[in-house]
Amino acid sequence: MNDFEKLEKELSSLSPRPPTDEFTKQIEDALGEAGSVAMCHLHDQAEQSIVKSSFTKILAWTIPGIGIAAAVAFFFYFSQLSSNEIALKKWSLLRFNHLVWLMMIVHYTELARSNWRISLECRWWDGWIPKRKKSLFVE
Amino acid sequence: MNISEPIWKKWFAKHGGKLVLFARQQARYPDDAEDLVQEAFVRIWRLYGHTGEVSPGLVYRAIRRLAIDWARSIDRRRIREEKVILDSPLSTSFERNLEKDERKQALLRAIERLPKEQSEVLMLKIWGDLTFDEISRTLDLSLNTVASRYRYALQKLKDSVPQELESGTTPNR
């Protein structure tokens with residue numbers, strides 16, 4: 001099997017000739033407008049600005065989210081204080097579970113919404129391709 | 001600075017050479033290879049290019065199907081083109097610097113001697129970077145057939161390269 005692996009490596013090292021410029025031009029002519037539907041930006045700044053703007057939006061929506069979660073946590077904390085000690089012991093575990101669940105809901109809702117916001121930034125019809133598609137044109 | 005370029009150009013620069021190589025194996029006449037690639041690529045890109053994501057397997061499959069269709073319709077060109085077949089060995093589809101490497105030359109000669117059904121599997125696996133599953137779908141073959149053809153091809157190459165090396169160097173001595 002080692003011989004085969006060696007042979008495979010040797011074969012892989014033989015690289016097929018890239019298409020000639022003439023042939024590429026021929027394809028370009030044949031594609032016509034279909035060739036310019038999907039574009040990729042080569043300019044670094046364009047990409048950076050998109051990443052930056054989506055980041056600031058995420059930040060702008062995450063902070064109120066954290067605030068709401070914190071307010072809910074305080075509410076439960078103070079409501080516990082107002083109960084008597086026995087009731088507190090009896091229900092604290094249950095209330096703690098409620099708090100965890102509530103915080104999880106807030107957190108995941110926020111996360112899902114952030115992801116949705118990011119996906120909106122990656123609209124191909126704006127001439128920018130989502131990151132997952134980049135593997136296509138990385139050598 | 002150029003701010004954007006069509007995705008197909010990057011895609012084609014990466015896969016174009018391999019597609020032409022595959023088309024040369026599929027086409028009855030070597031001169032048809034580029035036409036086949038152009039036709040198949042343009043058709044597929046028009047269908048799926050807007051997504052920016054086109055699987056090379058789709059284009060390989062389109063090339064193969066077109067080659068079958070064309071072979072049925074271009075028999076009248078046979079006499080004129082037969083000479084070209086003799087003048088255009090497969091090695092012309094690879095980088096020119098190989099000419100200096102005797103072993104690689106021998107390897108290419110050995111590949112040319114492989115039966116077509118083995119060399120097409122070898123090509124798709126080694127240079128097309130397709131999985132056995134993708135190859136089986138591209139060539140309409142079972143997975144076992146593809147795997148065994150690939151194994152046979154490697155075995156044949158392994159056996160015939162030393163002979164090719166010998167025969168390639170003999171006339172110079």
# chains A, B, ... in the order shown; residues from 1 in each chain; ligands from 1
$ interface_residues --of "chain B" --to "chain A" --cutoff "6 Å" --atoms "only C-alpha atoms" --output "list in words"
Ile3, Ser4, Glu5, Pro6, Ile7, Lys10, Trp11, Gly16, Gly17, Lys18, Gln38, Val42, Arg46, His50, Gly52, Ser93, Phe94, Glu95 and Ile126 of chain B
$ atom_distance --atom1 "atom CA of B:Gln118" --atom2 "atom CA of B:Phe41"
24.1 Å
$ residues_around --residues "B:Ser148" --least-positions-apart "3" --cutoff "12 Å" --atoms "only C-alpha atoms" --output "list in words"
Glu117, Gln118, Val121, Leu122, Phe132, Ser136, Leu141, Ser142, Leu143, Asn144, Thr145, Arg151, Tyr152, Ala153, Leu154 and Gln155 of chain B
$ write_last_selection --atoms "N, CA and C atoms" --output "PDB file, in the first residue's frame"
ATOM      1  N   GLU B 117     -11.189   3.386 -19.412  1.00  0.00           N
ATOM      2  CA  GLU B 117     -12.035   3.332 -18.211  1.00  0.00           C
ATOM      3  C   GLU B 117     -11.224   3.467 -16.916  1.00  0.00           C
ATOM      4  N   GLN B 118      -9.947   3.050 -16.984  1.00  0.00           N
ATOM      5  CA  GLN B 118      -9.110   3.200 -15.783  1.00  0.00           C
ATOM      6  C   GLN B 118      -8.530   4.611 -15.690  1.00  0.00           C
ATOM      7  N   VAL B 121     -11.012   7.231 -14.311  1.00  0.00           N
ATOM      8  CA  VAL B 121     -11.188   7.153 -12.852  1.00  0.00           C
ATOM      9  C   VAL B 121      -9.966   7.772 -12.157  1.00  0.00           C
ATOM     10  N   LEU B 122      -8.792   7.404 -12.672  1.00  0.00           N
ATOM     11  CA  LEU B 122      -7.537   7.934 -12.103  1.00  0.00           C
ATOM     12  C   LEU B 122      -7.514   9.464 -12.181  1.00  0.00           C
ATOM     13  N   PHE B 132     -14.639   8.725  -4.330  1.00  0.00           N
ATOM     14  CA  PHE B 132     -15.107   7.587  -5.123  1.00  0.00           C
ATOM     15  C   PHE B 132     -16.618   7.700  -5.375  1.00  0.00           C
ATOM     16  N   SER B 136     -18.327   7.800  -8.961  1.00  0.00           N
ATOM     17  CA  SER B 136     -19.321   6.809  -9.388  1.00  0.00           C
ATOM     18  C   SER B 136     -20.554   7.506  -9.964  1.00  0.00           C
ATOM     19  N   LEU B 141     -21.269   4.663 -12.580  1.00  0.00           N
ATOM     20  CA  LEU B 141     -20.745   3.327 -12.267  1.00  0.00           C
ATOM     21  C   LEU B 141     -20.988   3.042 -10.795  1.00  0.00           C
ATOM     22  N   SER B 142     -20.866   1.749 -10.435  1.00  0.00           N
ATOM     23  CA  SER B 142     -21.010   1.437  -9.013  1.00  0.00           C
ATOM     24  C   SER B 142     -19.729   1.823  -8.276  1.00  0.00           C
ATOM     25  N   LEU B 143     -19.891   1.994  -6.982  1.00  0.00           N
ATOM     26  CA  LEU B 143     -18.753   2.398  -6.146  1.00  0.00           C
ATOM     27  C   LEU B 143     -17.629   1.356  -6.209  1.00  0.00           C
ATOM     28  N   ASN B 144     -18.020   0.081  -6.197  1.00  0.00           N
ATOM     29  CA  ASN B 144     -17.022  -0.999  -6.228  1.00  0.00           C
ATOM     30  C   ASN B 144     -16.246  -0.990  -7.534  1.00  0.00           C
ATOM     31  N   THR B 145     -16.964  -0.750  -8.622  1.00  0.00           N
ATOM     32  CA  THR B 145     -16.303  -0.721  -9.936  1.00  0.00           C
ATOM     33  C   THR B 145     -15.284   0.407  -9.981  1.00  0.00           C
ATOM     34  N   ARG B 151      -7.756   0.962  -8.385  1.00  0.00           N
ATOM     35  CA  ARG B 151      -6.689   0.081  -7.883  1.00  0.00           C
ATOM     36  C   ARG B 151      -5.922  -0.555  -9.043  1.00  0.00           C
ATOM     37  N   TYR B 152      -6.661  -1.037 -10.041  1.00  0.00           N
ATOM     38  CA  TYR B 152      -6.012  -1.647 -11.218  1.00  0.00           C
ATOM     39  C   TYR B 152      -5.110  -0.625 -11.918  1.00  0.00           C
ATOM     40  N   ALA B 153      -5.619   0.591 -12.021  1.00  0.00           N
ATOM     41  CA  ALA B 153      -4.841   1.637 -12.705  1.00  0.00           C
ATOM     42  C   ALA B 153      -3.521   1.873 -11.981  1.00  0.00           C
ATOM     43  N   LEU B 154      -3.603   1.983 -10.659  1.00  0.00           N
ATOM     44  CA  LEU B 154      -2.368   2.215  -9.894  1.00  0.00           C
ATOM     45  C   LEU B 154      -1.414   1.038 -10.036  1.00  0.00           C
ATOM     46  N   GLN B 155      -1.973  -0.157  -9.990  1.00  0.00           N
ATOM     47  CA  GLN B 155      -1.130  -1.353 -10.112  1.00  0.00           C
ATOM     48  C   GLN B 155      -0.435  -1.375 -11.473  1.00  0.00           C
TER      49      GLN B 155
END
$ residues_around --residues "B:Ile135" --least-positions-apart "5" --cutoff "10 Å" --atoms "only C-alpha atoms" --output "PyMOL selection string"
chain B and resi 57+60-61+120-125+128-130+140-143+146-147
$ write_last_selection --atoms "N, CA and C atoms" --output "short mmCIF file (atom, residue, chain, number, x, y, z; two decimals), in the first residue's frame"
data_model
loop_
_atom_site.label_atom_id
_atom_site.label_comp_id
_atom_site.auth_asym_id
_atom_site.auth_seq_id
_atom_site.Cartn_x
_atom_site.Cartn_y
_atom_site.Cartn_z
N GLY B 57 -17.91 18.40 -9.74
CA GLY B 57 -18.51 17.14 -10.18
C GLY B 57 -19.61 17.35 -11.20
N TYR B 60 -17.91 18.01 -14.53
CA TYR B 60 -17.34 16.77 -15.08
C TYR B 60 -18.44 15.91 -15.70
N ARG B 61 -19.57 15.83 -15.00
CA ARG B 61 -20.67 15.01 -15.49
C ARG B 61 -21.22 15.58 -16.80
N GLU B 120 -9.76 7.38 -16.79
CA GLU B 120 -10.73 8.43 -16.42
C GLU B 120 -10.99 8.42 -14.91
N VAL B 121 -11.01 7.23 -14.31
CA VAL B 121 -11.19 7.15 -12.85
C VAL B 121 -9.97 7.77 -12.16
N LEU B 122 -8.79 7.40 -12.67
CA LEU B 122 -7.54 7.93 -12.10
C LEU B 122 -7.51 9.46 -12.18
N MET B 123 -7.91 9.97 -13.34
CA MET B 123 -7.90 11.42 -13.54
C MET B 123 -8.83 12.13 -12.55
N LEU B 124 -10.04 11.60 -12.42
CA LEU B 124 -11.01 12.26 -11.53
C LEU B 124 -10.57 12.18 -10.07
N LYS B 125 -9.91 11.06 -9.73
CA LYS B 125 -9.50 10.91 -8.32
C LYS B 125 -8.27 11.77 -8.02
N GLY B 128 -8.90 15.58 -10.30
CA GLY B 128 -10.22 16.18 -10.09
C GLY B 128 -10.59 16.30 -8.63
N ASP B 129 -9.81 15.62 -7.76
CA ASP B 129 -10.06 15.65 -6.30
C ASP B 129 -11.48 15.19 -5.94
N LEU B 130 -12.04 14.30 -6.74
CA LEU B 130 -13.38 13.81 -6.41
C LEU B 130 -13.27 12.57 -5.53
N ASP B 140 -21.50 7.21 -13.82
CA ASP B 140 -22.61 6.25 -13.76
C ASP B 140 -22.13 4.82 -13.56
N LEU B 141 -21.27 4.66 -12.58
CA LEU B 141 -20.75 3.33 -12.27
C LEU B 141 -20.99 3.04 -10.80
N SER B 142 -20.87 1.75 -10.43
CA SER B 142 -21.01 1.44 -9.01
C SER B 142 -19.73 1.82 -8.28
N LEU B 143 -19.89 1.99 -6.98
CA LEU B 143 -18.75 2.40 -6.15
C LEU B 143 -17.63 1.36 -6.21
N VAL B 146 -15.69 1.56 -9.48
CA VAL B 146 -14.78 2.72 -9.48
C VAL B 146 -13.53 2.41 -8.65
N ALA B 147 -13.76 1.88 -7.45
CA ALA B 147 -12.62 1.60 -6.56
C ALA B 147 -11.69 0.57 -7.17
#
$ atom_distance --atom1 "atom CA of B:Thr131" --atom2 "atom CA of B:Arg149"
13.7 Å
$ atom_distance --atom1 "atom CA of B:Lys14" --atom2 "atom CA of B:Arg65"
22.0 Å
$ closest_residue --among "B:Ser160, B:Ile63, B:Asp69, B:Leu58" --to "B:Leu108" --atoms "only C-alpha atoms"
B:Ser160
